[in-house]
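Undergrad: So that you have it, the file is entry_23.csv, and it contains CSV, C-alpha atoms:
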chain,number,residue,atom,x,y,z
W,6,ALA,CA,136.6,113.9,125.0
W,7,MET,CA,138.0,113.2,121.5
W,8,ALA,CA,137.0,115.9,119.1
W,9,TRP,CA,136.9,113.4,116.2
W,10,ARG,CA,134.7,110.8,117.9
W,11,ALA,CA,131.9,110.4,115.4
W,12,ALA,CA,128.9,109.1,117.4
W,13,PRO,CA,125.9,107.8,115.5
W,14,ARG,CA,124.1,111.1,115.0
W,15,ALA,CA,127.2,112.6,113.3
W,16,ALA,CA,126.8,110.6,110.1
W,17,ALA,CA,123.5,112.2,109.0
W,18,ARG,CA,124.7,115.6,110.3
W,19,LEU,CA,127.7,115.4,108.1
W,20,LEU,CA,125.6,114.4,105.2
W,21,LEU,CA,123.4,117.5,105.6
W,22,GLY,CA,126.1,119.9,106.5
W,23,ARG,CA,128.9,119.0,104.2
W,24,ARG,CA,127.2,118.2,100.9
W,25,GLY,CA,128.9,121.1,99.2
W,26,ILE,CA,132.4,119.9,100.2
W,27,ALA,CA,132.3,116.5,98.7
W,28,SER,CA,130.4,117.5,95.6
W,29,CYS,CA,131.7,114.5,93.6
W,30,ILE,CA,129.6,112.2,95.8
W,31,ASP,CA,126.6,114.5,96.2
W,32,PRO,CA,123.5,112.3,96.0
W,33,SER,CA,121.4,115.2,94.7
W,34,THR,CA,123.4,115.5,91.5
W,35,GLY,CA,121.2,115.1,88.4
W,36,LEU,CA,117.9,115.1,90.3
W,37,THR,CA,114.9,117.3,89.5
W,38,GLU,CA,113.9,120.1,91.8
W,39,ASP,CA,111.1,118.0,93.2
W,40,GLN,CA,113.4,115.1,93.8
W,41,LYS,CA,115.9,117.3,95.6
W,42,GLU,CA,113.1,118.6,97.8
W,43,PHE,CA,111.9,115.2,99.1
W,44,GLN,CA,115.5,114.0,99.3
W,45,LYS,CA,116.1,116.9,101.7
W,46,VAL,CA,113.0,116.1,103.7
W,47,ALA,CA,114.2,112.5,104.0
W,48,LEU,CA,117.8,113.6,104.9
W,49,ASP,CA,116.4,116.0,107.6
W,50,PHE,CA,114.2,113.2,109.0
W,51,ALA,CA,117.2,110.8,109.0
W,52,ALA,CA,119.3,113.4,110.9
W,53,LYS,CA,116.8,114.4,113.4
W,54,GLU,CA,114.5,111.4,114.0
W,55,MET,CA,116.7,108.4,113.3
W,56,ALA,CA,120.4,109.0,113.6
W,57,PRO,CA,120.3,110.2,117.3
W,58,TYR,CA,118.5,106.9,118.2
W,59,MET,CA,120.2,104.5,115.8
W,60,ALA,CA,122.7,103.0,118.4
W,61,GLU,CA,120.0,102.7,121.1
W,62,TRP,CA,117.5,100.9,118.8
W,63,ASP,CA,120.3,98.5,117.9
W,64,GLU,CA,121.5,97.9,121.4
W,65,LYS,CA,118.1,97.5,123.0
W,66,GLU,CA,116.5,95.9,119.9
W,67,ILE,CA,113.7,98.5,119.7
W,68,PHE,CA,111.3,98.4,116.8
W,69,PRO,CA,110.8,102.2,116.4
W,70,VAL,CA,107.1,102.2,115.6
W,71,GLU,CA,106.5,105.9,116.5
W,72,ALA,CA,109.5,107.1,114.4
W,73,MET,CA,108.2,105.1,111.4
W,74,ARG,CA,104.7,106.6,111.8
W,75,LYS,CA,106.3,110.0,111.8
W,76,ALA,CA,108.0,109.0,108.5
W,77,ALA,CA,104.6,107.8,107.2
W,78,GLN,CA,103.2,111.3,107.8
W,79,LEU,CA,105.8,112.5,105.3
W,80,GLY,CA,104.5,110.0,102.8
W,81,PHE,CA,107.1,107.3,103.3
W,82,GLY,CA,104.7,104.5,104.3
W,83,GLY,CA,103.5,103.8,100.7
W,84,ILE,CA,105.9,105.7,98.5
W,85,TYR,CA,105.1,104.0,95.2
W,86,VAL,CA,101.5,103.1,96.1
W,87,LYS,CA,98.6,104.9,94.3
W,88,PRO,CA,97.3,108.0,96.0
W,89,ASP,CA,93.6,106.9,96.1
W,90,VAL,CA,94.4,104.5,98.9
W,91,GLY,CA,96.8,106.8,100.8
W,92,GLY,CA,100.0,106.2,98.9
W,93,SER,CA,102.4,108.9,97.6
W,94,GLY,CA,102.3,107.8,94.0
W,95,LEU,CA,106.0,108.4,93.4
W,96,SER,CA,108.3,106.7,90.9
W,97,ARG,CA,110.8,103.9,91.6
W,98,LEU,CA,113.6,106.4,91.2
W,99,ASP,CA,112.0,108.7,93.7
W,100,THR,CA,111.6,105.8,96.0
W,101,SER,CA,115.3,104.9,95.7
W,102,ILE,CA,116.3,108.4,96.5
W,103,ILE,CA,114.2,108.5,99.6
W,104,PHE,CA,115.4,105.1,101.0
W,105,GLU,CA,119.1,106.1,100.3
W,106,ALA,CA,118.5,109.3,102.3
W,107,LEU,CA,116.7,107.6,105.2
W,108,SER,CA,119.3,104.9,105.4
W,109,THR,CA,122.0,107.5,106.4
W,110,GLY,CA,120.0,107.8,109.7
W,111,CYS,CA,119.4,104.1,110.5
W,112,THR,CA,119.9,101.5,107.8
W,113,SER,CA,118.1,98.7,109.7
W,114,THR,CA,114.9,100.7,110.2
W,115,THR,CA,114.9,102.0,106.6
W,116,ALA,CA,115.4,98.4,105.3
W,117,TYR,CA,112.3,97.3,107.2
W,118,MET,CA,110.4,100.3,105.8
W,119,SER,CA,111.4,99.2,102.3
W,120,ILE,CA,110.0,95.7,102.9
W,121,HIS,CA,106.8,97.2,104.3
W,122,ASN,CA,106.5,99.4,101.2
W,123,MET,CA,107.0,96.4,98.9
W,124,CYS,CA,104.1,94.6,100.7
W,125,VAL,CA,101.7,97.5,100.4
W,126,TRP,CA,102.6,97.9,96.7
W,127,MET,CA,101.8,94.2,96.1
W,128,ILE,CA,98.3,94.6,97.7
W,129,ASP,CA,97.8,97.9,95.8
W,130,THR,CA,98.9,96.4,92.4
W,131,PHE,CA,97.4,92.8,92.6
W,132,GLY,CA,94.5,93.3,95.0
W,133,ASN,CA,91.0,94.0,93.9
W,134,GLU,CA,89.3,97.3,94.9
W,135,GLU,CA,87.9,95.8,98.1
W,136,GLN,CA,91.3,94.5,99.2
W,137,ARG,CA,93.1,97.7,98.3
W,138,ARG,CA,90.6,99.8,100.4
W,139,ARG,CA,90.6,97.4,103.3
W,140,PHE,CA,94.4,97.1,103.7
W,141,CYS,CA,96.3,99.9,102.0
W,142,PRO,CA,95.2,103.1,103.9
W,143,SER,CA,96.2,101.8,107.4
W,144,LEU,CA,99.5,100.4,105.9
W,145,CYS,CA,100.4,103.7,104.1
W,146,SER,CA,99.8,105.6,107.4
W,147,MET,CA,101.8,102.9,109.2
W,148,GLU,CA,99.0,102.6,111.7
W,149,LYS,CA,99.5,98.9,110.7
W,150,PHE,CA,102.8,97.3,109.5
W,151,ALA,CA,103.3,94.5,107.0
W,152,SER,CA,105.7,91.5,106.6
W,153,TYR,CA,106.6,89.6,103.5
W,154,CYS,CA,106.5,85.8,103.9
W,155,LEU,CA,108.3,83.9,101.1
W,156,THR,CA,111.4,82.1,102.6
W,157,GLU,CA,111.0,78.8,104.4
W,158,PRO,CA,113.4,76.8,106.6
W,159,GLY,CA,114.0,74.4,103.6
W,160,SER,CA,113.7,76.9,100.7
W,161,GLY,CA,115.6,80.1,100.6
W,162,SER,CA,117.2,80.7,97.2
W,163,ASP,CA,115.0,77.9,95.7
W,164,ALA,CA,111.8,79.8,96.5
W,165,ALA,CA,109.7,77.9,93.9
W,166,SER,CA,110.1,74.7,96.0
W,167,LEU,CA,108.2,76.2,99.0
W,168,LEU,CA,106.1,73.7,101.0
W,169,THR,CA,103.6,75.8,103.0
W,170,SER,CA,100.3,74.4,101.8
W,171,ALA,CA,96.9,76.0,101.5
W,172,GLN,CA,94.0,73.5,101.0
W,173,LYS,CA,90.8,75.1,99.7
W,174,LYS,CA,87.7,74.2,101.8
W,175,GLY,CA,84.6,76.0,100.7
W,176,ASP,CA,85.2,79.7,100.8
W,177,THR,CA,88.4,79.4,102.9
W,178,TYR,CA,92.0,78.1,102.7
W,179,VAL,CA,93.5,76.0,105.5
W,180,LEU,CA,97.2,76.9,105.8
W,181,ASN,CA,99.9,74.6,107.2
W,182,GLY,CA,103.7,75.2,107.2
W,183,SER,CA,106.2,77.8,108.3
W,184,LYS,CA,108.2,80.7,107.1
W,185,ALA,CA,111.7,81.7,108.3
W,186,PHE,CA,113.7,84.9,108.7
W,187,ILE,CA,110.6,87.1,108.4
W,188,SER,CA,111.3,90.8,109.1
W,189,GLY,CA,108.9,92.4,111.6
W,190,ALA,CA,107.1,89.0,112.3
W,191,GLY,CA,105.2,89.0,115.5
W,192,ASP,CA,105.2,92.8,115.8
W,193,THR,CA,103.5,93.4,112.5
W,194,ASP,CA,99.8,93.2,111.6
W,195,VAL,CA,99.6,92.1,108.0
W,196,TYR,CA,101.4,89.1,106.4
W,197,VAL,CA,101.7,88.7,102.6
W,198,VAL,CA,102.2,84.9,102.4
W,199,MET,CA,103.3,82.8,99.4
W,200,CYS,CA,101.8,79.2,99.7
W,201,ARG,CA,101.2,76.2,97.6
W,202,THR,CA,97.6,75.8,96.4
W,203,GLY,CA,98.5,73.6,93.4
W,204,GLY,CA,101.1,71.2,92.1
W,205,PRO,CA,104.9,71.5,92.4
W,206,GLY,CA,107.0,74.4,91.0
W,207,PRO,CA,106.2,78.1,90.6
W,208,LYS,CA,102.8,77.6,88.9
W,209,GLY,CA,101.3,76.0,92.0
W,210,ILE,CA,101.9,79.0,94.3
W,211,SER,CA,99.3,81.5,95.4
W,212,CYS,CA,99.5,84.7,97.5
W,213,LEU,CA,97.3,85.2,100.6
W,214,VAL,CA,97.1,88.2,102.9
W,215,LEU,CA,96.8,87.2,106.6
W,216,GLU,CA,96.1,89.3,109.6
W,217,LYS,CA,97.6,89.0,113.1
W,218,GLY,CA,95.2,87.2,115.4
W,219,MET,CA,93.9,84.8,112.9
W,220,PRO,CA,93.4,81.4,114.6
W,221,GLY,CA,96.4,79.1,113.7
W,222,LEU,CA,98.8,81.9,113.1
W,223,SER,CA,101.8,82.0,115.5
W,224,PHE,CA,105.4,83.0,115.7
W,225,GLY,CA,108.8,81.5,116.7
W,226,LYS,CA,111.3,83.1,119.1
W,227,LYS,CA,112.9,86.4,118.2
W,228,GLU,CA,116.1,85.7,116.4
W,229,LYS,CA,119.4,87.1,117.7
W,230,LYS,CA,121.1,88.8,114.7
W,231,VAL,CA,124.5,90.4,113.9
W,232,GLY,CA,122.7,93.6,112.7
W,233,TRP,CA,119.2,94.7,111.7
W,234,ASN,CA,118.4,94.8,115.4
W,235,SER,CA,115.8,97.6,115.2
W,236,GLN,CA,113.5,95.1,113.5
W,237,PRO,CA,112.4,91.8,115.0
W,238,THR,CA,112.9,88.6,113.0
W,239,ARG,CA,110.9,85.5,113.7
W,240,ALA,CA,109.5,82.4,112.1
W,241,VAL,CA,105.9,82.5,111.1
W,242,ILE,CA,104.0,79.3,111.8
W,243,PHE,CA,100.7,78.1,110.3
W,244,GLU,CA,98.8,75.3,112.0
W,245,ASP,CA,95.4,74.8,110.4
W,246,CYS,CA,95.2,78.5,109.9
W,247,VAL,CA,91.9,79.4,108.3
W,248,VAL,CA,92.1,82.3,105.7
W,249,PRO,CA,89.1,83.5,103.7
W,250,VAL,CA,89.4,83.1,99.9
W,251,GLY,CA,88.6,86.8,99.7
W,252,ASN,CA,92.1,87.4,101.1
W,253,ARG,CA,93.8,85.9,98.1
W,254,LEU,CA,95.7,88.4,95.9
W,255,GLY,CA,95.2,87.8,92.2
W,256,ALA,CA,94.3,84.4,90.8
W,257,GLU,CA,95.3,80.9,92.1
W,258,GLY,CA,98.8,80.1,90.7
W,259,GLN,CA,99.8,83.8,90.3
W,260,GLY,CA,101.6,84.0,93.6
W,261,PHE,CA,105.1,83.3,92.4
W,262,SER,CA,104.8,86.0,89.7
W,263,ILE,CA,103.5,88.4,92.3
W,264,ALA,CA,106.4,87.5,94.6
W,265,MET,CA,109.1,88.0,91.9
W,266,GLN,CA,107.6,91.3,90.7
W,267,GLY,CA,107.6,92.6,94.3
W,268,LEU,CA,111.2,91.5,94.6
W,269,ASN,CA,112.3,93.5,91.6
W,270,GLY,CA,111.4,96.6,93.5
W,271,GLY,CA,112.6,95.2,96.7
W,272,ARG,CA,116.1,94.6,95.3
W,273,ILE,CA,116.4,98.3,94.2
W,274,ASN,CA,115.1,99.3,97.6
W,275,ILE,CA,117.6,97.3,99.6
W,276,ALA,CA,120.4,98.4,97.3
W,277,SER,CA,119.3,102.0,98.0
W,278,CYS,CA,119.6,101.3,101.7
W,279,SER,CA,123.2,100.1,101.1
W,280,LEU,CA,124.0,103.3,99.2
W,281,GLY,CA,122.9,105.4,102.2
W,282,ALA,CA,125.0,103.4,104.6
W,283,ALA,CA,128.0,103.7,102.3
W,284,HIS,CA,127.6,107.4,101.8
W,285,ALA,CA,127.4,108.0,105.5
W,286,SER,CA,130.5,105.8,106.0
W,287,VAL,CA,132.5,107.7,103.4
W,288,LEU,CA,131.8,110.9,105.3
W,289,LEU,CA,132.6,109.4,108.6
W,290,ALA,CA,135.9,108.2,107.2
W,291,GLN,CA,136.6,111.6,105.6
W,292,GLU,CA,136.0,113.3,109.0
W,293,HIS,CA,138.2,110.8,110.8
W,294,LEU,CA,141.1,111.1,108.4
W,295,THR,CA,141.0,114.8,108.8
W,296,VAL,CA,141.2,115.0,112.6
W,297,ARG,CA,143.0,111.9,113.6
W,298,LYS,CA,146.8,112.2,113.8
W,299,GLN,CA,149.4,109.5,113.5
W,300,PHE,CA,153.2,109.9,113.3
W,301,GLY,CA,152.7,113.7,113.8
W,302,GLU,CA,150.5,114.1,110.7
W,303,PRO,CA,146.8,113.9,110.0
W,304,LEU,CA,145.8,110.5,108.5
W,305,ALA,CA,144.5,112.6,105.5
W,306,SER,CA,148.1,113.3,104.5
W,307,ASN,CA,148.8,109.6,103.9
W,308,GLN,CA,148.6,108.9,100.2
W,309,TYR,CA,147.6,105.3,100.6
W,310,LEU,CA,144.6,106.4,102.6
W,311,GLN,CA,143.8,109.2,100.2
W,312,PHE,CA,143.7,106.6,97.4
W,313,ARG,CA,141.5,104.2,99.4
W,314,LEU,CA,139.1,107.1,100.1
W,315,ALA,CA,139.0,108.0,96.4
W,316,GLU,CA,138.2,104.3,95.5
W,317,MET,CA,135.4,104.3,98.1
W,318,ALA,CA,133.9,107.4,96.6
W,319,THR,CA,134.2,106.1,93.1
W,320,ARG,CA,132.6,102.8,93.9
W,321,LEU,CA,129.8,104.6,95.7
W,322,VAL,CA,129.0,106.8,92.7
W,323,ALA,CA,129.1,103.8,90.3
W,324,ALA,CA,126.8,101.8,92.5
W,325,ARG,CA,124.4,104.8,92.8
W,326,LEU,CA,124.2,105.2,89.0
W,327,MET,CA,123.5,101.4,88.6
W,328,VAL,CA,120.7,101.5,91.1
W,329,ARG,CA,119.1,104.6,89.6
W,330,ASN,CA,119.4,103.2,86.1
W,331,ALA,CA,117.6,100.0,87.2
W,332,ALA,CA,114.9,102.0,89.0
W,333,ARG,CA,114.2,103.9,85.8
W,334,ALA,CA,114.0,100.7,83.8
W,335,LEU,CA,111.5,99.2,86.3
W,336,GLN,CA,109.4,102.3,86.3
W,337,ASP,CA,109.3,102.3,82.5
W,338,GLY,CA,108.4,98.6,82.3
W,339,ARG,CA,111.4,97.7,80.2
W,340,GLU,CA,112.0,94.1,79.2
W,341,ASP,CA,115.5,94.1,80.8
W,342,ALA,CA,114.3,95.6,84.1
W,343,ALA,CA,114.4,92.4,86.2
W,344,VAL,CA,118.0,91.7,85.1
W,345,LEU,CA,119.1,95.3,85.7
W,346,CYS,CA,117.5,95.2,89.2
W,347,SER,CA,119.5,92.0,89.8
W,348,MET,CA,122.7,93.6,88.5
W,349,ALA,CA,122.2,96.7,90.6
W,350,LYS,CA,121.4,94.7,93.8
W,351,LEU,CA,124.5,92.5,93.3
W,352,PHE,CA,126.9,95.4,92.6
W,353,ALA,CA,125.6,97.9,95.1
W,354,THR,CA,125.3,95.6,98.1
W,355,ASP,CA,128.7,94.0,97.5
W,356,GLU,CA,130.5,97.4,96.8
W,357,CYS,CA,128.7,99.3,99.6
W,358,PHE,CA,129.6,96.6,102.2
W,359,GLY,CA,133.2,96.9,101.0
W,360,ILE,CA,133.0,100.7,101.4
W,361,CYS,CA,131.6,100.5,105.0
W,362,ASN,CA,134.2,97.8,105.9
W,363,GLN,CA,137.0,100.0,104.6
W,364,ALA,CA,135.7,103.0,106.5
W,365,LEU,CA,135.8,100.9,109.7
W,366,GLN,CA,139.4,99.9,108.9
W,367,MET,CA,140.3,103.5,108.5
W,368,HIS,CA,139.0,104.2,112.0
W,369,GLY,CA,141.5,101.6,113.4
W,370,GLY,CA,140.5,100.3,116.9
W,371,TYR,CA,137.9,103.0,117.3
W,372,GLY,CA,136.0,101.6,114.4
W,373,TYR,CA,135.4,98.4,116.4
W,374,LEU,CA,133.8,100.3,119.3
W,375,LYS,CA,130.0,100.6,119.5
W,376,ASP,CA,130.4,104.3,120.3
W,377,TYR,CA,131.2,104.8,116.6
W,378,ALA,CA,128.5,104.6,114.0
W,379,VAL,CA,130.7,103.0,111.3
W,380,GLN,CA,130.6,99.5,112.9
W,381,GLN,CA,126.8,99.6,112.9
W,382,PHE,CA,126.6,100.4,109.2
W,383,VAL,CA,128.9,97.4,108.6
W,384,ARG,CA,126.7,95.1,110.6
W,385,ASP,CA,123.4,96.4,109.3
W,386,ILE,CA,124.3,96.2,105.5
W,387,ARG,CA,126.1,92.8,105.6
W,388,VAL,CA,122.7,91.0,105.3
W,389,HIS,CA,121.8,92.9,102.2
W,390,GLN,CA,124.1,90.6,100.2
W,391,ILE,CA,121.9,87.7,101.3
W,392,LEU,CA,118.2,88.8,101.4
W,393,GLU,CA,115.8,89.8,98.6
W,394,GLY,CA,117.6,87.0,96.6
W,395,THR,CA,121.3,86.2,97.5
W,396,ASN,CA,123.9,87.8,95.4
W,397,GLU,CA,124.7,84.3,94.0
W,398,VAL,CA,121.1,84.1,92.7
W,399,MET,CA,121.6,87.6,91.2
W,400,ARG,CA,124.6,86.2,89.3
W,401,MET,CA,122.4,83.3,88.1
W,402,ILE,CA,119.7,85.7,86.8
W,403,VAL,CA,122.2,87.9,84.9
W,404,ALA,CA,124.0,84.9,83.4
W,405,ARG,CA,120.8,83.2,82.3
W,406,ASN,CA,119.8,86.4,80.6
W,407,LEU,CA,123.1,86.6,78.7
W,408,LEU,CA,123.2,83.0,77.7
W,409,GLN,CA,119.5,82.2,76.8
W,410,GLY,CA,119.8,83.7,73.3
Let me see whether you can do it: turn the structure in this file into structure tokens.
TA:
Amino acid sequence: AMAWRAAPRAAARLLLGRRGIASCIDPSTGLTEDQKEFQKVALDFAAKEMAPYMAEWDEKEIFPVEAMRKAAQLGFGGIYVKPDVGGSGLSRLDTSIIFEALSTGCTSTTAYMSIHNMCVWMIDTFGNEEQRRRFCPSLCSMEKFASYCLTEPGSGSDAASLLTSAQKKGDTYVLNGSKAFISGAGDTDVYVVMCRTGGPGPKGISCLVLEKGMPGLSFGKKEKKVGWNSQPTRAVIFEDCVVPVGNRLGAEGQGFSIAMQGLNGGRINIASCSLGAAHASVLLAQEHLTVRKQFGEPLASNQYLQFRLAEMATRLVAARLMVRNAARALQDGREDAAVLCSMAKLFATDECFGICNQALQMHGGYGYLKDYAVQQFVRDIRVHQILEGTNEVMRMIVARNLLQG
């Protein structure tokens, strides 16, 4: 047995046990005592309830419902949802800290939880009292799970051109169309669906909440993915699916605005998941360099590798500061919040993927083995550069903001 073999559970153990050693990358720096407390709760949960099973969930494509329900008992099912419907009522920064910590244990599972949280927040924020009380409590407890349905086979980045139609008939809508790449689809209970109730463009889009089992709602085959294997991904198909008008969130035509406001938070959340994967990967690389010998010396004595590790740590801290800055801006309702969320998502997901990939390289051939956690972090965070708005779209949003004046 190789003493320096870092199996999946080691990443979170390292994070818990060695925070004092690598103080320059300590994720608790600058946090309040309360924030440090729930960060520790999340790190403990990641180490004990997620990291030991991360490789198995990936290999067997298990959607870890019971583990997520345990997380919900700690308040992680509706982190930034109001307490009167079962939420934790925490801030966007608090939420980022929690998702970063959980992601050290299993990035794929945490990323699904972040999407679930976004859906519950949308119902809590834009739903009426009846809708909030009907949907939010069972979602916050993760007795039920939610999926976000925006992307279609023909409209990914150009979300405003979506074609799924909802024809109003009396006190119902009749839905026809399909959604693609939907996280959790088929295994989840509640679907927050963007559909066209009016003319072309963003102003013709409304938001409906569907429930599994509604006639006319069905699912495509389970997709085979590079990573994110602990959450199923399927197409969601609507064939004359009848939805009560009472299931519409907000007014007709408000759907695109609801979708985009949800995604501002979603972008911070997914960037936070990337931070956790990158932090764990830096610690795995640090451990490997210390114990692995080549040419009679530990790898840690090689100055080239020392410099690469220093760059990884520096990029991690820079990305974390950007994400937390954007989280504060969103929490405060600042005018530049949407652009800062886009900047943070772009920077953090690109940089953190590079960090994880470099950590794999430092492991040499071992990094390419499924026995080692680092390869799973690489596979699980690659998609973060694509979803919640591709990083190309993030660049468009930032550039438009800079040039519009």
Undergrad: Check the smallest atom-to-atom distance from each of W:Lys87, W:Lys65, W:Lys173, W:Arg97 to W:Asp337 using all atoms listed in the file, then report the winner.
TA: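 Of all the options, W:Arg97 lies closest to W:Asp337.
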Undergrad: Nearest residue to W:Arg239 out of W:Leu268, W:Cys154, W:Ala323, W:Arg253, using only C-alpha atoms?
TA: W:Cys154
Undergrad: Please determine, counting only C-alpha atoms, which residue among W:Ser101, W:Gly175, W:Thr319, W:Ser152 has the shortest atom-to-atom distance to W:Ala349.
TA: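 Ranked by minimum distance to W:Ala349, first place goes to W:Ser101.
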Undergrad: Just how far from atom CA of W:Arg325 is atom CA of W:Leu310, in Å to one decimal?
TA: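 Separating atom CA of W:Leu310 from atom CA of W:Arg325 is a distance of 22.5 Å.
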Undergrad: Tell me which of W:Ala331, W:Met399, W:Cys346, W:Val125 sits closest to W:Arg138, counting only C-alpha atoms.
TA: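 Smallest separation from W:Arg138 among the options: W:Val125.
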Undergrad: For each of W:Asn274, W:Lys174, W:Lys217, W:Ser235, take the minimum atom-to-atom distance to W:Pro249, counting all atoms listed in the file, then give the residue where this is smallest.
TA: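 Checking each candidate against W:Pro249, we get W:Lys174 as the closest.
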